[in-house]
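Below is model28.pdb, which holds PDB, C-alpha atoms.
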ATOM      1  CA  MET U   1     -18.970 -10.649  50.663
ATOM      2  CA  ALA U   2     -20.063  -7.258  51.955
ATOM      3  CA  GLN U   3     -18.778  -4.266  49.970
ATOM      4  CA  PRO U   4     -16.592  -2.807  52.771
ATOM      5  CA  ASN U   5     -14.889  -6.172  53.300
ATOM      6  CA  LEU U   6     -14.337  -6.584  49.568
ATOM      7  CA  SER U   7     -12.791  -3.117  49.271
ATOM      8  CA  LYS U   8     -10.525  -3.824  52.238
ATOM      9  CA  ALA U   9      -9.409  -7.165  50.777
ATOM     10  CA  ILE U  10      -8.577  -5.563  47.421
ATOM     11  CA  LYS U  11      -6.650  -2.756  49.137
ATOM     12  CA  GLU U  12      -4.627  -5.252  51.174
ATOM     13  CA  LEU U  13      -3.874  -7.238  48.032
ATOM     14  CA  GLU U  14      -2.732  -4.085  46.235
ATOM     15  CA  ASN U  15      -0.474  -3.167  49.146
ATOM     16  CA  THR U  16       1.009  -6.676  49.193
ATOM     17  CA  LEU U  17       1.703  -6.672  45.446
ATOM     18  CA  GLY U  18       2.807  -3.062  45.301
ATOM     19  CA  ILE U  19       0.499  -2.266  42.365
ATOM     20  CA  THR U  20      -2.866  -0.637  41.819
ATOM     21  CA  ILE U  21      -5.339  -3.164  40.432
ATOM     22  CA  PHE U  22      -8.378  -0.907  40.149
ATOM     23  CA  ARG U  23      -8.814   2.782  39.558
ATOM     24  CA  ARG U  24     -11.745   4.367  41.390
ATOM     25  CA  THR U  25     -13.972   6.693  39.366
ATOM     26  CA  SER U  26     -17.291   8.429  39.935
ATOM     27  CA  LYS U  27     -18.948   5.659  37.915
ATOM     28  CA  GLY U  28     -17.305   2.768  39.740
ATOM     29  CA  VAL U  29     -13.970   0.974  39.375
ATOM     30  CA  ILE U  30     -12.046  -0.033  36.272
ATOM     31  CA  PRO U  31      -8.838  -2.115  36.073
ATOM     32  CA  THR U  32      -5.542  -0.343  35.472
ATOM     33  CA  ASP U  33      -3.047  -1.636  32.897
ATOM     34  CA  GLN U  34      -1.269  -3.477  35.723
ATOM     35  CA  GLY U  35      -4.631  -4.681  36.959
ATOM     36  CA  ILE U  36      -5.558  -6.145  33.581
ATOM     37  CA  LYS U  37      -2.343  -8.181  33.558
ATOM     38  CA  PHE U  38      -2.886  -9.276  37.166
ATOM     39  CA  LEU U  39      -6.484 -10.366  36.489
ATOM     40  CA  GLY U  40      -5.331 -12.328  33.434
ATOM     41  CA  TYR U  41      -2.785 -14.260  35.468
ATOM     42  CA  ALA U  42      -5.315 -14.773  38.264
ATOM     43  CA  LYS U  43      -7.844 -16.305  35.872
ATOM     44  CA  GLN U  44      -5.213 -18.662  34.492
ATOM     45  CA  ILE U  45      -4.258 -19.752  38.017
ATOM     46  CA  LEU U  46      -7.888 -20.449  38.883
ATOM     47  CA  MET U  47      -8.348 -22.428  35.668
ATOM     48  CA  GLN U  48      -5.247 -24.491  36.442
ATOM     49  CA  ILE U  49      -6.531 -25.153  39.968
ATOM     50  CA  ASP U  50      -9.849 -26.317  38.497
ATOM     51  CA  ASN U  51      -7.961 -28.628  36.139
ATOM     52  CA  MET U  52      -5.907 -30.103  38.991
ATOM     53  CA  GLU U  53      -8.963 -30.652  41.156
ATOM     54  CA  ALA U  54     -10.815 -32.251  38.252
ATOM     55  CA  ILE U  55      -8.128 -34.950  37.979
ATOM     56  CA  HIS U  56      -9.544 -36.551  41.098
ATOM     57  CA  ALA U  57     -13.196 -35.914  40.256
ATOM     58  CA  PRO U  58     -14.850 -39.279  39.613
ATOM     59  CA  ASP U  59     -16.879 -37.991  36.674
ATOM     60  CA  LYS U  60     -14.005 -35.954  35.170
ATOM     61  CA  GLU U  61     -16.295 -33.092  34.268
ATOM     62  CA  GLN U  62     -13.628 -31.322  32.233
ATOM     63  CA  ASP U  63     -13.521 -34.253  29.808
ATOM     64  CA  ARG U  64     -17.226 -33.915  29.091
ATOM     65  CA  LYS U  65     -17.075 -30.249  28.122
ATOM     66  CA  LEU U  66     -15.410 -28.584  25.190
ATOM     67  CA  ARG U  67     -15.535 -24.919  24.201
ATOM     68  CA  ILE U  68     -14.013 -23.733  20.933
ATOM     69  CA  SER U  69     -14.294 -20.442  19.062
ATOM     70  CA  VAL U  70     -13.596 -20.323  15.321
ATOM     71  CA  PRO U  71     -14.063 -18.264  12.132
ATOM     72  CA  ARG U  72     -17.013 -18.933   9.854
ATOM     73  CA  ALA U  73     -15.321 -21.387   7.493
ATOM     74  CA  GLY U  74     -16.632 -24.415   5.645
ATOM     75  CA  TYR U  75     -13.647 -26.672   6.297
ATOM     76  CA  ILE U  76     -13.796 -25.958  10.048
ATOM     77  CA  SER U  77     -17.523 -26.654  10.206
ATOM     78  CA  LYS U  78     -17.039 -29.921   8.297
ATOM     79  CA  ALA U  79     -14.176 -30.993  10.577
ATOM     80  CA  PHE U  80     -16.247 -30.249  13.674
ATOM     81  CA  SER U  81     -19.257 -32.201  12.335
ATOM     82  CA  GLU U  82     -17.104 -35.219  11.504
ATOM     83  CA  TYR U  83     -15.442 -35.018  14.914
ATOM     84  CA  ILE U  84     -18.839 -35.086  16.662
ATOM     85  CA  ALA U  85     -20.108 -37.906  14.449
ATOM     86  CA  ALA U  86     -17.113 -40.076  15.373
ATOM     87  CA  MET U  87     -17.310 -39.434  19.116
ATOM     88  CA  ASP U  88     -18.271 -42.107  21.604
ATOM     89  CA  SER U  89     -20.228 -39.469  23.477
ATOM     90  CA  PRO U  90     -21.456 -39.736  27.057
ATOM     91  CA  ASP U  91     -25.071 -38.828  27.630
ATOM     92  CA  ASP U  92     -24.132 -35.558  29.330
ATOM     93  CA  MET U  93     -21.701 -34.281  26.689
ATOM     94  CA  GLU U  94     -21.650 -30.466  26.544
ATOM     95  CA  ILE U  95     -19.875 -28.741  23.644
ATOM     96  CA  TYR U  96     -19.829 -25.085  22.628
ATOM     97  CA  PHE U  97     -18.957 -24.287  18.998
ATOM     98  CA  CYS U  98     -18.863 -20.525  18.487
ATOM     99  CA  GLU U  99     -18.435 -19.111  14.970
ATOM    100  CA  THR U 100     -17.317 -15.507  15.268
ATOM    101  CA  ASN U 101     -14.614 -12.984  14.365
ATOM    102  CA  SER U 102     -10.975 -13.131  15.455
ATOM    103  CA  LEU U 103     -11.156 -10.489  18.173
ATOM    104  CA  ARG U 104     -14.144 -12.181  19.780
ATOM    105  CA  THR U 105     -12.328 -15.529  19.610
ATOM    106  CA  ILE U 106      -9.342 -13.997  21.404
ATOM    107  CA  GLU U 107     -11.721 -12.684  24.063
ATOM    108  CA  ASN U 108     -13.422 -16.073  24.368
ATOM    109  CA  VAL U 109     -10.129 -17.904  24.913
ATOM    110  CA  ARG U 110      -8.662 -15.205  27.144
ATOM    111  CA  GLU U 111     -11.667 -14.282  29.255
ATOM    112  CA  ASN U 112     -14.581 -16.660  28.743
ATOM    113  CA  GLY U 113     -13.123 -20.082  29.467
ATOM    114  CA  TYR U 114     -12.897 -21.425  25.917
ATOM    115  CA  ASP U 115     -10.377 -24.251  25.552
ATOM    116  CA  PHE U 116      -8.859 -22.994  22.321
ATOM    117  CA  GLY U 117      -9.757 -21.039  19.234
ATOM    118  CA  VAL U 118      -8.927 -20.392  15.607
ATOM    119  CA  ILE U 119      -8.347 -16.854  14.370
ATOM    120  CA  ARG U 120      -8.114 -15.648  10.766
ATOM    121  CA  TYR U 121      -6.195 -12.658   9.457
ATOM    122  CA  ASN U 122      -4.496 -11.250   6.398
ATOM    123  CA  THR U 123      -0.732 -11.681   6.598
ATOM    124  CA  ALA U 124      -0.340  -7.927   6.054
ATOM    125  CA  HIS U 125      -1.854  -7.546   9.541
ATOM    126  CA  GLU U 126       0.169 -10.312  11.191
ATOM    127  CA  LYS U 127       2.277  -7.990  13.356
ATOM    128  CA  TYR U 128      -0.839  -6.501  14.956
ATOM    129  CA  PHE U 129      -2.249  -9.911  15.813
ATOM    130  CA  SER U 130       1.106 -11.238  17.078
ATOM    131  CA  ASP U 131       1.489  -8.270  19.415
ATOM    132  CA  PHE U 132      -2.126  -8.564  20.557
ATOM    133  CA  LEU U 133      -1.774 -12.279  21.347
ATOM    134  CA  ALA U 134       1.408 -11.623  23.327
ATOM    135  CA  GLU U 135      -0.348  -8.847  25.234
ATOM    136  CA  LYS U 136      -3.174 -11.250  26.091
ATOM    137  CA  ASN U 137      -0.707 -14.001  27.109
ATOM    138  CA  LEU U 138      -1.877 -16.307  24.321
ATOM    139  CA  GLU U 139       0.109 -18.596  22.046
ATOM    140  CA  GLY U 140      -0.521 -19.335  18.392
ATOM    141  CA  LYS U 141       0.210 -22.242  16.046
ATOM    142  CA  LEU U 142      -0.259 -22.100  12.296
ATOM    143  CA  LEU U 143      -3.212 -24.145  11.069
ATOM    144  CA  TRP U 144      -3.254 -23.038   7.430
ATOM    145  CA  GLU U 145      -1.819 -20.386   5.128
ATOM    146  CA  TYR U 146      -3.779 -19.966   1.898
ATOM    147  CA  GLU U 147      -5.160 -17.605  -0.730
ATOM    148  CA  MET U 148      -8.810 -16.646  -0.647
ATOM    149  CA  LEU U 149     -10.991 -18.075  -3.409
ATOM    150  CA  ALA U 150     -14.116 -16.574  -4.941
ATOM    151  CA  VAL U 151     -17.023 -18.814  -3.914
ATOM    152  CA  MET U 152     -20.270 -18.555  -5.877
ATOM    153  CA  SER U 153     -23.271 -20.427  -7.190
ATOM    154  CA  ALA U 154     -22.676 -22.699 -10.173
ATOM    155  CA  GLU U 155     -25.140 -20.395 -11.964
ATOM    156  CA  HIS U 156     -23.010 -17.290 -11.404
ATOM    157  CA  PRO U 157     -22.017 -15.551 -14.670
ATOM    158  CA  SER U 158     -18.326 -15.898 -13.706
ATOM    159  CA  ALA U 159     -18.545 -19.550 -12.689
ATOM    160  CA  ASN U 160     -16.800 -20.703 -15.872
ATOM    161  CA  SER U 161     -14.448 -17.765 -16.330
ATOM    162  CA  GLU U 162     -10.836 -18.588 -17.100
ATOM    163  CA  GLN U 163      -9.555 -15.917 -14.716
ATOM    164  CA  ILE U 164     -11.226 -13.850 -11.998
ATOM    165  CA  ASN U 165      -9.858 -10.582 -10.700
ATOM    166  CA  TYR U 166     -11.293  -9.132  -7.519
ATOM    167  CA  ALA U 167     -11.379  -5.664  -9.057
ATOM    168  CA  ASP U 168     -13.618  -6.887 -11.877
ATOM    169  CA  ILE U 169     -15.950  -9.198  -9.981
ATOM    170  CA  SER U 170     -16.486  -6.756  -7.098
ATOM    171  CA  SER U 171     -17.335  -4.030  -9.611
ATOM    172  CA  GLN U 172     -20.039  -6.078 -11.337
ATOM    173  CA  TYR U 173     -21.551  -8.305  -8.650
ATOM    174  CA  THR U 174     -22.672  -8.236  -5.016
ATOM    175  CA  GLU U 175     -20.030  -9.314  -2.532
ATOM    176  CA  LEU U 176     -20.872 -11.046   0.749
ATOM    177  CA  CYS U 177     -18.608  -9.971   3.616
ATOM    178  CA  GLN U 178     -18.330 -10.753   7.302
ATOM    179  CA  GLY U 179     -19.726  -7.674   8.981
ATOM    180  CA  ASP U 180     -17.600  -7.829  12.130
ATOM    181  CA  ASP U 181     -14.027  -8.447  10.952
ATOM    182  CA  ALA U 182     -11.496  -6.212  12.684
ATOM    183  CA  VAL U 183      -7.766  -5.825  13.335
ATOM    184  CA  PRO U 184      -6.290  -4.978  16.766
ATOM    185  CA  TYR U 185      -5.093  -1.391  17.186
ATOM    186  CA  VAL U 186      -6.105  -0.331  13.640
ATOM    187  CA  ASN U 187      -9.636   0.808  12.847
ATOM    188  CA  GLY U 188     -10.826   0.182   9.311
ATOM    189  CA  ALA U 189      -7.883  -2.022   8.297
ATOM    190  CA  ILE U 190     -10.085  -4.667   6.635
ATOM    191  CA  GLU U 191     -12.071  -2.103   4.677
ATOM    192  CA  LYS U 192      -8.868  -0.398   3.533
ATOM    193  CA  LEU U 193      -7.344  -3.690   2.372
ATOM    194  CA  PHE U 194     -10.199  -4.435  -0.023
ATOM    195  CA  ALA U 195     -10.841  -0.824  -1.000
ATOM    196  CA  GLU U 196      -7.283  -0.666  -2.319
ATOM    197  CA  ASN U 197      -8.091  -3.622  -4.590
ATOM    198  CA  ARG U 198     -11.368  -2.171  -5.854
ATOM    199  CA  PRO U 199     -11.759   0.594  -8.493
ATOM    200  CA  ALA U 200     -12.332   3.874  -6.665
ATOM    201  CA  ASP U 201     -14.946   5.199  -9.102
ATOM    202  CA  ILE U 202     -17.228   2.130  -8.961
ATOM    203  CA  PRO U 203     -20.117   1.951  -6.442
ATOM    204  CA  VAL U 204     -19.596  -0.619  -3.685
ATOM    205  CA  ARG U 205     -21.952  -3.584  -3.751
ATOM    206  CA  LYS U 206     -21.639  -5.372  -0.435
ATOM    207  CA  VAL U 207     -23.905  -7.301   1.892
ATOM    208  CA  CYS U 208     -22.439  -7.833   5.353
ATOM    209  CA  THR U 209     -23.547 -10.983   7.151
ATOM    210  CA  PHE U 210     -22.726 -12.464  10.542
ATOM    211  CA  ASP U 211     -23.721 -16.060   9.846
ATOM    212  CA  ARG U 212     -22.205 -18.595   7.451
ATOM    213  CA  GLY U 213     -25.513 -20.354   6.834
ATOM    214  CA  SER U 214     -27.169 -17.103   5.767
ATOM    215  CA  ALA U 215     -24.273 -16.399   3.413
ATOM    216  CA  ILE U 216     -24.716 -19.767   1.678
ATOM    217  CA  ASP U 217     -28.471 -19.195   1.345
ATOM    218  CA  PHE U 218     -27.755 -15.797  -0.191
ATOM    219  CA  LEU U 219     -25.293 -17.247  -2.717
ATOM    220  CA  LEU U 220     -27.873 -19.777  -3.856
ATOM    221  CA  THR U 221     -30.797 -17.356  -3.935
ATOM    222  CA  VAL U 222     -28.897 -14.496  -5.586
ATOM    223  CA  PRO U 223     -26.735 -16.210  -8.233
ATOM    224  CA  GLN U 224     -25.027 -12.889  -9.085
ATOM    225  CA  SER U 225     -23.400 -12.757  -5.640
ATOM    226  CA  PHE U 226     -20.026 -14.090  -4.459
ATOM    227  CA  MET U 227     -17.873 -14.231  -1.350
ATOM    228  CA  LEU U 228     -14.188 -14.635  -0.599
ATOM    229  CA  ASP U 229     -13.400 -17.629   1.572
ATOM    230  CA  SER U 230     -10.710 -20.145   2.395
ATOM    231  CA  PRO U 231     -10.837 -23.178   0.079
ATOM    232  CA  VAL U 232     -14.023 -25.141   0.747
ATOM    233  CA  PRO U 233     -14.010 -28.972   0.718
ATOM    234  CA  GLU U 234     -15.413 -30.198  -2.597
ATOM    235  CA  SER U 235     -17.964 -32.338  -0.772
ATOM    236  CA  LEU U 236     -19.561 -29.165   0.614
ATOM    237  CA  CYS U 237     -19.453 -27.393  -2.743
ATOM    238  CA  GLY U 238     -21.224 -30.347  -4.327
ATOM    239  CA  LYS U 239     -23.816 -30.430  -1.568
ATOM    240  CA  TYR U 240     -24.743 -26.765  -1.974
ATOM    241  CA  GLY U 241     -24.164 -26.367  -5.708
ATOM    242  CA  LEU U 242     -21.244 -23.977  -5.299
ATOM    243  CA  VAL U 243     -18.061 -23.472  -7.266
ATOM    244  CA  GLN U 244     -14.835 -21.789  -6.189
ATOM    245  CA  ARG U 245     -12.310 -20.059  -8.394
ATOM    246  CA  LYS U 246      -8.923 -18.460  -7.895
ATOM    247  CA  CYS U 247      -9.343 -14.743  -7.379
ATOM    248  CA  TYR U 248      -6.424 -12.418  -8.004
ATOM    249  CA  PHE U 249      -5.796  -9.359  -5.874
ATOM    250  CA  ARG U 250      -2.883  -7.778  -4.068
ATOM    251  CA  ASP U 251      -2.058  -9.138  -0.597
ATOM    252  CA  ASN U 252      -4.194 -12.247  -1.100
ATOM    253  CA  SER U 253      -2.471 -14.194   1.670
ATOM    254  CA  PHE U 254      -4.290 -15.275   4.817
ATOM    255  CA  LYS U 255      -3.577 -17.394   7.870
ATOM    256  CA  ASP U 256      -5.748 -19.440  10.211
ATOM    257  CA  MET U 257      -4.053 -19.821  13.601
ATOM    258  CA  LEU U 258      -4.827 -22.082  16.540
ATOM    259  CA  ILE U 259      -4.678 -20.044  19.747
ATOM    260  CA  TYR U 260      -4.698 -21.049  23.407
ATOM    261  CA  THR U 261      -3.535 -19.671  26.734
ATOM    262  CA  THR U 262       0.180 -19.860  27.404
ATOM    263  CA  GLY U 263       1.025 -23.172  29.041
ATOM    264  CA  HIS U 264      -2.266 -24.814  28.089
ATOM    265  CA  LYS U 265      -1.857 -28.487  27.176
ATOM    266  CA  LEU U 266      -4.476 -29.794  24.789
ATOM    267  CA  SER U 267      -6.539 -32.663  26.165
ATOM    268  CA  ASP U 268      -7.045 -35.867  24.202
ATOM    269  CA  LYS U 269     -10.450 -34.643  22.978
ATOM    270  CA  GLU U 270      -8.998 -31.302  21.924
ATOM    271  CA  LEU U 271      -6.140 -33.040  20.097
ATOM    272  CA  HIS U 272      -8.581 -35.275  18.239
ATOM    273  CA  LEU U 273     -10.486 -32.210  17.045
ATOM    274  CA  VAL U 274      -7.282 -30.407  16.033
ATOM    275  CA  ASN U 275      -6.160 -33.482  14.077
ATOM    276  CA  LYS U 276      -9.526 -33.527  12.323
ATOM    277  CA  LEU U 277      -9.059 -29.847  11.424
ATOM    278  CA  TYR U 278      -5.731 -30.656   9.779
ATOM    279  CA  GLU U 279      -7.256 -33.661   8.010
ATOM    280  CA  VAL U 280     -10.125 -31.684   6.455
ATOM    281  CA  ARG U 281      -7.775 -28.790   5.731
ATOM    282  CA  ASN U 282      -5.655 -31.176   3.659
ATOM    283  CA  GLU U 283      -8.736 -32.290   1.736
ATOM    284  CA  ALA U 284      -9.318 -28.690   0.666
ATOM    285  CA  ALA U 285      -5.677 -27.618   0.404
ATOM    286  CA  PHE U 286      -4.569 -30.243  -2.104
ATOM    287  CA  ALA U 287      -7.511 -29.901  -4.475
ATOM    288  CA  GLU U 288      -6.975 -28.305  -7.875
ATOM    289  CA  TYR U 289      -8.478 -24.848  -8.395
ATOM    290  CA  ARG U 290      -8.633 -22.828 -11.560
TER     291      ARG U 290
END
Structure re-expressed in structure tokens:
Amino acid sequence: MAQPNLSKAIKELENTLGITIFRRTSKGVIPTDQGIKFLGYAKQILMQIDNMEAIHAPDKEQDRKLRISVPRAGYISKAFSEYIAAMDSPDDMEIYFCETNSLRTIENVRENGYDFGVIRYNTAHEKYFSDFLAEKNLEGKLLWEYEMLAVMSAEHPSANSEQINYADISSQYTELCQGDDAVPYVNGAIEKLFAENRPADIPVRKVCTFDRGSAIDFLLTVPQSFMLDSPVPESLCGKYGLVQRKCYFRDNSFKDMLIYTTGHKLSDKELHLVNKLYEVRNEAAFAEYR
């Protein structure tokens, strides 16, 4: 569409709705607050139209594609692998499995056409995430509430310790962290949470990664390192030679939440994957940890 016609169409739409969708600036146009809400609803309508049209498509393209966005967690990766292994897959199966941070997952589900996602946050930050999901017109369902464990090589000096405190282990050994964790509306909330549990006069020893595979390689190559993670299925710990121990610190309470657009009904394939997530979660949740 030619630019003048596009501008005229947008102006007519704004007049019809009685709102301003875009604000004109010297550098172009940006959506207003009302415009952001309008565009969100418009995208949902278009997605619903695509879903309705696909019902009559002979190849049911929507059934052959699946897009999910999740945190970097061992139990989720294991559930996804087992789900794929059990599939009776058509030759043209197309699946996107994106491991990333919670804010990017929210963006993927809200803006980038992902079917659903899993976000992770500390329960101290729950209000921020709840408000942010409501603002983005997303719904959430609890997948798991747990305490983080200290995950390390079986050769780590603390591997056989009776009790591990985050203050002690973070003062003596290198900690692996996700380098892109963030909380809506509050800059530095993650850093503050752990800084409050770490002695102020001890130098910080952190390596920030953005990939779960690299983190595991680091744990095995540098036995004096550790990371905090949700409970990992014992089968994975055995495979990689890792151990996991309870780690005590204040506010050690986290949640993994399934998120999806308001009104979205999970397809059979999505439900099968969600059920597998709960199944593998149970494998890790009911294990004994010391």
Report as an NGL selection string all protein, DNA and RNA residues lying within 12 Å of Ser81 in chain U, evaluated on only C-alpha atoms, omitting residues in the same chain fewer than 2 positions from it. :U and (74-79 or 83-87 or 95 or 97 or 273 or 276-277 or 280)
Let me know the residues the PyMOL selection byres ((chain U and resi 209-224) around 6) catches in the file above, as a count of residues only. 9
Find the residues of range 23-49 of chain U that sit at most 10 Å from range 129-151 of chain U; for each, write down the nearest two atoms and how far apart they are in Å, to one decimal. Count all atoms listed in the file. Sort by chain, then by number going up, and give it as JSON lines.
{"residue": "U:Ile36", "atom": "CA", "partner": "U:Lys136", "partner_atom": "CA", "distance": 9.4}
{"residue": "U:Lys37", "atom": "CA", "partner": "U:Lys136", "partner_atom": "CA", "distance": 8.1}
{"residue": "U:Gly40", "atom": "CA", "partner": "U:Lys136", "partner_atom": "CA", "distance": 7.7}
{"residue": "U:Tyr41", "atom": "CA", "partner": "U:Asn137", "partner_atom": "CA", "distance": 8.6}
{"residue": "U:Gln44", "atom": "CA", "partner": "U:Asn137", "partner_atom": "CA", "distance": 9.8}
Nearest residue to Tyr114 in chain U from the set U:Glu270, U:Glu279, U:Asp256, U:Asp88 (distances using only C-alpha atoms):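 When distances to Tyr114 in chain U are compared using only C-alpha atoms, the smallest one comes from U:Glu270.
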Which residue is closest to Ala182 in chain U? Choose from U:Tyr166, U:Phe226, U:Phe194, U:Tyr121 and count only C-alpha atoms. U:Tyr121
Find the residue from U:Pro231, U:Pro184, U:Pro203, U:Gly117 that sits nearest to Thr261 in chain U; use only C-alpha atoms when measuring. U:Gly117
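In terms of minimum interatomic distance to Arg205 in chain U, U:Cys177 ranks closest within U:Ile190, U:Leu266, U:Ile49, U:Cys177, counting all atoms listed in the file.
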Around all the atoms of range 68-72 of chain U listed in the file, with 3 Å of room on each side, what axis-aligned box do you get, giving centre and edge lengths in Å to one decimal, as JSON?
{"center_x": -15.3, "center_y": -21.0, "center_z": 15.4, "size_x": 9.4, "size_y": 11.5, "size_z": 17.1}
